[in-house]
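Text of the file coords_25.csv, holding CSV, C-alpha atoms:
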```csv
chain,number,residue,atom,x,y,z
R,1,MET,CA,101.2,71.6,82.2
R,2,ASP,CA,98.2,73.0,80.3
R,3,TRP,CA,95.5,75.3,81.8
R,4,LYS,CA,92.8,72.5,82.2
R,5,THR,CA,95.2,70.2,84.0
R,6,LEU,CA,96.4,73.1,86.3
R,7,LYS,CA,92.8,73.8,87.4
R,8,GLN,CA,91.9,70.2,87.9
R,9,THR,CA,95.1,69.7,90.0
R,10,ALA,CA,94.2,72.8,92.1
R,11,ARG,CA,90.7,71.6,92.6
R,12,GLU,CA,91.8,68.2,93.9
R,13,LYS,CA,94.5,69.7,96.2
R,14,PHE,CA,92.1,72.3,97.6
R,15,ASN,CA,89.7,69.4,98.6
R,16,GLY,CA,86.7,71.7,98.9
R,17,ALA,CA,88.4,74.8,100.3
R,18,CYS,CA,88.1,76.3,96.8
R,19,ARG,CA,86.0,74.6,94.1
R,20,VAL,CA,87.9,76.4,91.2
R,21,CYS,CA,84.5,77.3,89.7
R,22,PRO,CA,84.2,78.1,86.0
R,23,VAL,CA,83.3,81.7,87.1
R,24,CYS,CA,85.1,82.7,90.3
R,25,ASN,CA,82.3,85.1,91.7
R,26,GLY,CA,81.9,84.1,95.4
R,27,VAL,CA,78.5,82.5,94.9
R,28,ALA,CA,79.3,78.8,95.6
R,29,CYS,CA,81.6,79.6,98.5
R,30,ALA,CA,79.6,82.4,100.2
R,31,GLY,CA,80.3,82.5,103.9
R,32,GLU,CA,83.0,79.9,103.8
R,33,MET,CA,85.6,81.3,106.1
R,34,PRO,CA,87.9,79.6,106.9
R,35,GLY,CA,88.1,78.9,103.2
R,36,MET,CA,88.4,81.1,100.1
R,37,GLY,CA,84.8,82.5,100.2
R,38,GLY,CA,83.5,85.9,101.2
R,39,ILE,CA,82.2,86.9,104.6
R,40,GLY,CA,78.5,86.4,105.5
R,41,THR,CA,76.3,86.3,102.5
R,42,GLY,CA,79.3,86.7,100.2
R,43,THR,CA,77.8,89.8,98.7
R,44,SER,CA,81.0,91.9,98.9
R,45,PHE,CA,83.0,89.2,97.0
R,46,HIS,CA,80.2,88.9,94.4
R,47,ASN,CA,79.9,92.7,94.1
R,48,ASN,CA,83.6,92.9,93.2
R,49,VAL,CA,83.1,90.6,90.2
R,50,ALA,CA,79.7,91.9,89.2
R,51,ALA,CA,80.8,95.6,89.3
R,52,LEU,CA,83.8,94.9,87.0
R,53,ALA,CA,81.8,92.8,84.7
R,54,GLY,CA,79.3,95.6,84.3
R,55,TYR,CA,81.7,97.8,82.4
R,56,ARG,CA,82.0,97.3,78.7
R,57,LEU,CA,84.9,97.9,76.3
R,58,ASN,CA,84.6,99.8,73.0
R,59,LEU,CA,85.9,97.6,70.2
R,60,LYS,CA,88.0,99.9,68.0
R,61,VAL,CA,90.1,98.6,65.1
R,62,VAL,CA,90.7,101.4,62.7
R,63,HIS,CA,94.1,102.6,64.1
R,64,ASP,CA,97.8,101.8,64.0
R,65,VAL,CA,98.2,100.1,67.5
R,66,GLY,CA,99.7,96.7,66.7
R,67,GLU,CA,102.3,96.4,69.4
R,68,PRO,CA,101.0,97.9,72.6
R,69,VAL,CA,103.3,98.6,75.5
R,70,LEU,CA,102.5,96.6,78.7
R,71,ALA,CA,105.6,97.4,80.6
R,72,CYS,CA,105.4,100.0,83.4
R,73,LYS,CA,107.1,101.3,86.5
R,74,VAL,CA,105.3,101.1,89.9
R,75,LEU,CA,106.9,102.5,93.1
R,76,GLY,CA,110.3,102.4,91.2
R,77,LEU,CA,109.8,98.8,90.2
R,78,GLU,CA,110.1,97.9,86.5
R,79,LEU,CA,107.2,95.5,85.7
R,80,SER,CA,106.4,93.6,82.6
R,81,MET,CA,102.8,94.6,83.0
R,82,PRO,CA,100.7,96.5,85.6
R,83,VAL,CA,99.7,93.3,87.5
R,84,ILE,CA,101.0,92.3,90.9
R,85,GLY,CA,100.4,89.1,92.8
R,86,ALA,CA,98.2,89.8,95.8
R,87,ALA,CA,99.1,88.7,99.4
R,88,ILE,CA,97.0,85.7,100.5
R,89,ALA,CA,98.0,83.7,103.5
R,90,GLY,CA,96.5,80.8,105.3
R,91,GLY,CA,97.6,77.7,103.4
R,92,LYS,CA,96.7,75.5,106.3
R,93,LEU,CA,93.5,77.3,107.3
R,94,ASN,CA,92.0,78.9,104.2
R,95,MET,CA,93.4,76.6,101.6
R,96,GLY,CA,92.5,73.4,103.4
R,97,GLY,CA,96.2,72.5,103.8
R,98,ALA,CA,96.7,72.3,100.0
R,99,VAL,CA,100.1,73.9,100.5
R,100,THR,CA,102.3,75.1,103.4
R,101,GLU,CA,103.0,78.7,104.0
R,102,PRO,CA,106.6,78.5,102.8
R,103,GLU,CA,105.5,76.6,99.7
R,104,TYR,CA,102.9,79.1,98.8
R,105,ALA,CA,105.0,82.2,99.5
R,106,ALA,CA,107.8,80.8,97.4
R,107,ALA,CA,105.4,79.9,94.5
R,108,VAL,CA,103.9,83.4,94.4
R,109,VAL,CA,107.1,85.5,94.5
R,110,SER,CA,109.0,83.2,92.2
R,111,GLY,CA,106.2,82.8,89.8
R,112,CYS,CA,105.6,86.5,89.6
R,113,GLN,CA,109.3,87.1,89.1
R,114,GLN,CA,109.2,84.6,86.2
R,115,ALA,CA,106.4,86.6,84.6
R,116,GLY,CA,108.4,89.8,85.0
R,117,THR,CA,106.3,91.3,87.8
R,118,VAL,CA,106.3,91.2,91.6
R,119,GLY,CA,104.3,89.2,94.2
R,120,MET,CA,103.2,90.1,97.7
R,121,THR,CA,103.3,87.9,100.8
R,122,GLY,CA,101.1,87.9,103.9
R,123,ASP,CA,101.0,88.0,107.6
R,124,GLY,CA,99.0,86.3,110.3
R,125,PRO,CA,98.8,85.3,114.0
R,126,ILE,CA,101.4,82.5,113.4
R,127,ALA,CA,104.9,84.0,113.0
R,128,ASP,CA,105.7,81.4,110.3
R,129,VAL,CA,103.5,83.3,107.9
R,130,PHE,CA,105.4,86.5,107.8
R,131,GLU,CA,108.8,84.8,108.1
R,132,ALA,CA,108.0,82.5,105.2
R,133,GLY,CA,107.2,85.5,103.1
R,134,LEU,CA,110.5,87.2,104.0
R,135,LYS,CA,112.5,84.0,103.2
R,136,ALA,CA,110.8,83.7,99.8
R,137,ILE,CA,111.5,87.4,99.0
R,138,GLY,CA,115.1,87.0,100.0
R,139,ALA,CA,115.4,83.9,97.7
R,140,VAL,CA,114.5,86.0,94.7
R,141,GLY,CA,116.8,88.9,95.5
R,142,GLY,CA,114.3,91.0,97.3
R,143,ARG,CA,111.7,91.1,94.5
R,144,GLY,CA,108.6,90.8,96.7
R,145,ILE,CA,106.4,93.0,98.9
R,146,PRO,CA,105.3,91.8,102.4
R,147,VAL,CA,102.0,93.0,103.6
R,148,ILE,CA,101.6,93.4,107.4
R,149,LYS,CA,98.4,93.2,109.5
R,150,PRO,CA,97.4,96.5,111.1
R,151,ARG,CA,99.1,95.6,114.4
R,152,GLU,CA,100.4,98.0,117.1
R,153,ASN,CA,102.4,100.7,115.3
R,154,ASP,CA,105.8,99.8,116.7
R,155,LYS,CA,105.2,96.1,115.7
R,156,ILE,CA,104.4,97.3,112.1
R,157,ILE,CA,107.6,99.4,112.1
R,158,GLU,CA,109.7,96.5,113.3
R,159,LYS,CA,108.3,94.1,110.6
R,160,ALA,CA,108.7,96.8,107.9
R,161,ASN,CA,112.3,97.3,108.8
R,162,GLN,CA,112.8,93.5,108.7
R,163,ALA,CA,111.4,93.6,105.2
R,164,ALA,CA,113.8,96.4,104.2
R,165,ASP,CA,116.7,94.3,105.6
R,166,ALA,CA,115.5,91.4,103.4
R,167,GLY,CA,115.8,93.6,100.4
R,168,ALA,CA,112.0,94.2,99.8
R,169,PRO,CA,111.4,97.3,97.7
R,170,ALA,CA,108.3,98.3,99.7
R,171,PHE,CA,105.9,97.0,102.4
R,172,GLY,CA,102.2,97.1,102.8
R,173,MET,CA,99.6,97.2,105.6
R,174,ASP,CA,96.2,95.7,105.0
R,175,ILE,CA,94.3,98.1,107.1
R,176,ASP,CA,91.1,96.4,106.0
R,177,ALA,CA,92.0,93.6,108.4
R,178,ALA,CA,91.3,95.9,111.3
R,179,ALA,CA,88.6,93.7,112.8
R,180,ILE,CA,90.0,90.2,112.1
R,181,ILE,CA,89.3,88.4,115.3
R,182,ASN,CA,91.9,85.6,115.0
R,183,MET,CA,94.7,88.1,115.4
R,184,THR,CA,93.3,89.6,118.6
R,185,ASN,CA,92.5,86.1,119.9
R,186,ALA,CA,96.1,85.2,119.4
R,187,GLY,CA,97.2,88.2,121.6
R,188,GLN,CA,98.2,90.3,118.6
R,189,PRO,CA,95.6,93.0,118.5
R,190,VAL,CA,94.8,94.8,115.2
R,191,GLY,CA,92.7,97.9,114.5
R,192,PRO,CA,92.1,101.0,112.4
R,193,LYS,CA,94.7,103.7,112.1
R,194,THR,CA,94.4,107.5,112.3
R,195,ALA,CA,96.2,109.7,109.7
R,196,ALA,CA,98.7,110.6,112.4
R,197,GLU,CA,99.5,106.9,113.0
R,198,LEU,CA,100.0,106.4,109.3
R,199,ALA,CA,102.4,109.3,109.3
R,200,TYR,CA,104.2,107.9,112.3
R,201,ILE,CA,104.7,104.6,110.5
R,202,LYS,CA,105.9,106.3,107.4
R,203,LYS,CA,108.3,108.5,109.3
R,204,ASN,CA,109.9,105.5,111.0
R,205,THR,CA,110.3,103.1,108.1
R,206,ARG,CA,112.8,103.1,105.2
R,207,ILE,CA,111.0,101.8,102.2
R,208,PRO,CA,107.8,102.8,100.4
R,209,PHE,CA,104.6,102.3,102.4
R,210,ILE,CA,101.4,100.9,100.8
R,211,VAL,CA,98.1,101.0,102.6
R,212,LYS,CA,95.6,98.4,101.4
R,213,GLY,CA,91.9,98.6,102.1
R,214,ILE,CA,90.8,102.0,100.9
R,215,MET,CA,87.2,102.2,99.8
R,216,VAL,CA,86.2,105.9,100.2
R,217,PRO,CA,87.8,109.2,99.0
R,218,GLU,CA,88.3,110.6,102.5
R,219,ASP,CA,90.5,107.7,103.5
R,220,ALA,CA,92.5,108.1,100.3
R,221,ARG,CA,93.0,111.8,101.0
R,222,ALA,CA,94.1,111.0,104.6
R,223,CYS,CA,96.8,108.6,103.2
R,224,VAL,CA,98.0,111.4,100.9
R,225,GLU,CA,98.2,113.8,103.8
R,226,ALA,CA,100.1,111.2,105.9
R,227,GLY,CA,102.8,110.8,103.2
R,228,VAL,CA,101.8,107.2,102.3
R,229,ASP,CA,103.4,106.1,98.9
R,230,ALA,CA,100.5,104.0,97.5
R,231,ILE,CA,97.0,102.8,98.3
R,232,VAL,CA,95.2,99.7,97.3
R,233,VAL,CA,91.5,100.2,96.7
R,234,SER,CA,90.3,97.0,98.3
R,235,ASN,CA,87.6,95.4,100.4
R,236,HIS,CA,89.9,92.5,101.3
R,237,GLY,CA,88.4,90.3,98.6
R,238,GLY,CA,85.0,90.6,100.2
R,239,ARG,CA,86.3,88.8,103.3
R,240,VAL,CA,86.0,91.4,106.1
R,241,LEU,CA,82.7,93.4,105.8
R,242,ASP,CA,79.5,92.1,104.1
R,243,HIS,CA,77.5,94.3,101.7
R,244,THR,CA,80.2,96.6,100.5
R,245,PRO,CA,80.2,97.9,96.9
R,246,GLY,CA,82.6,96.4,94.4
R,247,THR,CA,86.0,98.0,94.1
R,248,ALA,CA,85.3,99.0,90.5
R,249,GLU,CA,82.3,101.0,91.7
R,250,VAL,CA,84.3,103.2,94.1
R,251,LEU,CA,87.6,103.4,92.2
R,252,PRO,CA,86.6,106.3,89.9
R,253,TYR,CA,85.7,108.4,92.9
R,254,ILE,CA,88.9,107.7,94.7
R,255,ALA,CA,90.9,108.4,91.5
R,256,GLU,CA,89.1,111.7,91.1
R,257,ALA,CA,90.2,112.6,94.6
R,258,VAL,CA,93.8,111.6,94.6
R,259,LYS,CA,95.0,110.7,91.1
R,260,GLY,CA,98.5,112.0,90.5
R,261,LYS,CA,99.1,112.6,94.2
R,262,ILE,CA,99.7,108.9,95.2
R,263,THR,CA,100.1,105.6,93.4
R,264,ILE,CA,96.7,103.9,93.1
R,265,LEU,CA,96.5,100.1,93.1
R,266,VAL,CA,93.3,98.1,93.1
R,267,ASP,CA,92.1,94.5,93.6
R,268,GLY,CA,88.8,92.7,93.6
R,269,GLY,CA,87.3,90.5,90.9
R,270,VAL,CA,90.2,90.8,88.4
R,271,ARG,CA,90.0,87.6,86.4
R,272,SER,CA,91.4,88.5,83.0
R,273,GLY,CA,93.6,90.9,81.0
R,274,ALA,CA,90.4,92.7,79.9
R,275,ASP,CA,89.6,93.2,83.6
R,276,VAL,CA,93.0,94.7,84.1
R,277,LEU,CA,92.4,97.2,81.3
R,278,LYS,CA,89.1,98.2,82.7
R,279,MET,CA,90.6,98.9,86.1
R,280,LEU,CA,93.3,101.1,84.4
R,281,ALA,CA,90.6,103.0,82.6
R,282,LEU,CA,88.8,103.6,85.9
R,283,GLY,CA,91.8,105.2,87.4
R,284,ALA,CA,94.2,102.6,88.7
R,285,ASP,CA,98.0,102.6,88.0
R,286,ALA,CA,98.2,98.8,88.5
R,287,VAL,CA,96.1,96.0,89.8
R,288,LEU,CA,96.6,93.2,92.3
R,289,VAL,CA,95.4,89.7,91.5
R,290,GLY,CA,94.5,87.3,94.3
R,291,ARG,CA,92.4,84.2,93.8
R,292,PRO,CA,93.6,83.3,90.2
R,293,VAL,CA,97.2,83.5,91.4
R,294,THR,CA,96.3,81.2,94.3
R,295,ILE,CA,94.8,78.7,92.0
R,296,GLY,CA,97.9,78.8,89.9
R,297,GLY,CA,100.2,78.4,92.9
R,298,VAL,CA,98.2,75.5,94.4
R,299,GLY,CA,97.9,73.8,91.0
R,300,ALA,CA,101.5,74.0,89.8
R,301,GLY,CA,103.6,76.1,92.2
R,302,ALA,CA,105.7,78.9,90.7
R,303,GLU,CA,105.1,77.5,87.2
R,304,GLY,CA,101.3,77.8,87.7
R,305,VAL,CA,101.5,81.4,89.0
R,306,ALA,CA,103.6,82.4,86.0
R,307,MET,CA,101.1,80.6,83.7
R,308,VAL,CA,98.2,82.6,85.2
R,309,LEU,CA,100.0,85.9,84.8
R,310,ASN,CA,101.3,85.2,81.3
R,311,LYS,CA,97.8,84.3,80.2
R,312,MET,CA,96.6,87.5,81.7
R,313,ALA,CA,99.3,89.4,79.9
R,314,ALA,CA,98.3,87.9,76.5
R,315,GLU,CA,94.6,88.9,77.2
R,316,LEU,CA,95.7,92.4,78.2
R,317,ARG,CA,97.7,92.8,75.0
R,318,ALA,CA,94.8,91.6,72.8
R,319,ALA,CA,92.4,93.9,74.6
R,320,MET,CA,94.7,96.9,74.1
R,321,VAL,CA,95.0,96.2,70.4
R,322,LEU,CA,91.2,95.9,70.1
R,323,THR,CA,90.6,99.1,71.9
R,324,GLY,CA,93.4,101.1,70.2
R,325,THR,CA,95.3,101.5,73.5
R,326,LYS,CA,99.0,102.2,72.8
R,327,SER,CA,100.4,101.9,76.3
R,328,VAL,CA,99.2,101.0,79.8
R,329,ALA,CA,100.5,104.5,80.8
R,330,ASP,CA,97.9,106.1,78.5
R,331,VAL,CA,94.7,104.3,79.2
R,332,THR,CA,91.7,106.6,79.2
R,333,GLU,CA,88.0,106.1,80.2
R,334,ASP,CA,87.1,106.6,76.6
R,335,ILE,CA,87.7,102.9,76.0
R,336,LEU,CA,84.7,102.2,78.2
R,337,TRP,CA,81.2,102.1,76.7
```

Translate this file's structure into structure tokens.
Amino acid sequence: MDWKTLKQTAREKFNGACRVCPVCNGVACAGEMPGMGGIGTGTSFHNNVAALAGYRLNLKVVHDVGEPVLACKVLGLELSMPVIGAAIAGGKLNMGGAVTEPEYAAAVVSGCQQAGTVGMTGDGPIADVFEAGLKAIGAVGGRGIPVIKPRENDKIIEKANQAADAGAPAFGMDIDAAAIINMTNAGQPVGPKTAAELAYIKKNTRIPFIVKGIMVPEDARACVEAGVDAIVVSNHGGRVLDHTPGTAEVLPYIAEAVKGKITILVDGGVRSGADVLKMLALGADAVLVGRPVTIGGVGAGAEGVAMVLNKMAAELRAAMVLTGTKSVADVTEDILW
């Protein structure tokens, strides 16, 4: 399947839940929740894309970098590139029934594995969502990371230990889902966590702990103090709070506060390999990619996810050559204009 056919197939299967726009910036789908849009005015979603697009790369070609190194290690995982498939759930609700939860989870983790990296799976008020993720992770030998909603602490610990039993190398908690009403309405309350609660979760789980939804330096520092293994700088794809800055705007401040003390991941508006390189220059160790992976998964299953990621890898490689960047481990802010 070629790229044009993949997008057309995804557009048809989404049936309006996602338009697969030429530029995925949250404008056409603003306020469409359920759906793939951003909350309210869609400003947070749009800010993610606009903030990242606002950075420019210095074109540099008088050097000896012909074969840049994309491979890296994140939380002990050997990856072909610093790109991870983000956790997105809601095939029936947010994706208009384009795929089932088991189909989507399997597409993401298997497609990411084919591309040499790792995918994340989601959680929700329906037990099938988390269970589908664990099943998909088990099917690829444990190469996947489940992300749990900020439930009651002991529920998180229970699910995290289920993930460990399934062979997952780490688990996440999307703390930015602290006010999602459908969880509470389903009798599964969610909410924010104190640093002491984060430490409690860390103490009672067996695999690395990732906290997703960090947008200010003080929250990043609290995660370090709690012993968390990694953070994701994220505003939940612009889907939880209107009018937040883009992640690329806040990432440098968070990196300044905690770089070297904790693994820093980031998502939000990453659409190309050049975007990946920008995020690394701004202080991330690796990035999460959401909506493009979803389009790939809906359009062509695991093959589509791998196609999206391999395309991104080729773009990243070219951007590194054209900025004189030898390795993803040595990206500096000097490549930014």

Margin query: With only C-alpha atoms as the counted atoms, please give the residues lying no more than 12 Å from Thr43 in chain R, apart from itself and same-chain residues fewer than 3 positions off, as a PyMOL selection string.
Written below: chain R and resi 25-31+37-40+46-51+235+237-246

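CA of Gly91 in chain R is found 22.6 Å from CA of Gln162 in chain R.
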
Residue with the minimum atom-to-atom distance to His236 in chain R, picked from R:Ala177, R:Ala281, R:Ala195, R:Val276 with all atoms listed in the file counted, is R:Ala177

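If only C-alpha atoms are the atoms counted, then among R:Ile126, R:Leu93, R:Met36, R:Met215 the closest residue to Val250 in chain R is R:Met215.
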
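You can rank R:Lys259, R:Asp2, R:Thr121, R:Pro192 by their closest distance to Ala168 in chain R using all atoms listed in the file, and at the top of that list sits R:Thr121.
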
Taken to one decimal, the CA of Gly142 in chain R-CA of Ala86 in chain R distance is 16.2 Å

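In this model, the gap between CA of Leu316 in chain R and CA of Leu277 in chain R comes to 6.6 Å.
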
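Of the residues listed (R:Asn94, R:Asn310, R:Asn153, R:Ser272), R:Asn153 shows the shortest atom-to-atom separation from Glu197 in chain R; distances use only C-alpha atoms.
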
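Comparing R:Met183, R:Val258, R:Val99, R:Ile231 by their smallest distance to Pro217 in chain R, the closest is R:Val258 (using only C-alpha atoms).
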
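Minimum atom-to-atom distance to Phe45 in chain R, evaluated using only C-alpha atoms, belongs to R:Ser234 out of R:Asn182, R:Asn161, R:Ser234, R:Asn204.
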